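A.B. asks: Shown below is the structure under consideration.
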Amino acid sequence: MAVELVRLELDVLVAPTSAAVQAAMNATRTIPIIVAGGGDPVGLGLVASLARPGGNVTGPSMMNTEVVSKRTQMLKEVVPRLRRVAVLVNSVNPIHALFMQETEPTARMLGLELQPIEVHGPEDFEAAFAAATQGKAGALVAFVPTAFHSTMEATS
């Protein structure tokens with residue numbers, strides 16, 4: 001779809017996710033691409049740095065990997081006796097690998113065991129919650145995959 005949009009000679013492309021930004025970057029190096037959401041643009045290689053992104057990509061970032069690590073620290077502060085944390089991840093989403101890389105050392109330092117649970121869509125929630133319960137997770141963290149957004153919209 002990104003290639004088709006580039007052929008239309010648009011003035012700007014707006015990409016709602018990191019994957020969409022990557023697709024647009026593969027299709028053009030000249031049309032400005034505005035990131036409307038997504039994860040850590042530096043960690044994903046979408047921009048050189050936040051101060052000087054370079055290239056044709058710009059826009060806000062919804063979350064960077066440092067925030068995920070801090071969230072893990074705050075969770076441990078709120079629940080001091082916490083030992084096991086279920087983490088809802090979507091291995092298809094490239095930002096989730098970065099989030100796990102950032103979360104794992106922090107979790108080890110805090111004495112937390114992570115239980116990654118794959119979730120690709122709303123149909124996976126029931127099994128994911130059952131796995132977290134069976135694994136005796138004391139907390140649940142979600143990296144908010146796109147499937148969660150559609151579920152939240154459908155139920156609101």
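Chain identifiers are assigned as A, B, and so on, following the order in which chains appear in the structure tokens; residues are numbered from 1 within each chain, and ligands are numbered from 1 in order of appearance.
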Leaving out Glu113 (chain A) and any residue of its chain fewer than 5 positions from it, which residues lie within 7 Å of it when counting only C-alpha atoms, given as a PyMOL selection string?
C.D. replies: chain A and resi 83-85+107
A.B. asks: Give me, as a PyMOL selection string, the residues of region 66-154 of chain A that a backbone DSSP run labels strand (DSSP E).
C.D. replies: chain A and resi 84-89+113-118+139-142
A.B. asks: So which one's closest to Val42 (chain A), A:Ala130, A:Val87, A:Val67, A:Leu98? Using only C-alpha atoms, please.
C.D. replies: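 Under the stated criterion, the closest residue is A:Leu98.
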A.B. asks: Using only C-alpha atoms, which of the listed residues (A:Ile33, A:Thr28, A:Val47, A:Val119) sits closest to Val12 (chain A)?
C.D. replies: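 The answer is A:Ile33, which sits nearest to Val12 (chain A).
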A.B. asks: Going by DSSP on the backbone, which residues of chain A come out as helix (DSSP H, G or I)? List them as a PyMOL selection string.
C.D. replies: chain A and resi 2-7+18-27+65-78+94-109+122-134+146-155
A.B. asks: Distance CA of Ala97 (chain A)-CA of Ile31 (chain A), one decimal place?
C.D. replies: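 CA of Ile31 (chain A) lies at a distance of 28.4 Å from CA of Ala97 (chain A).
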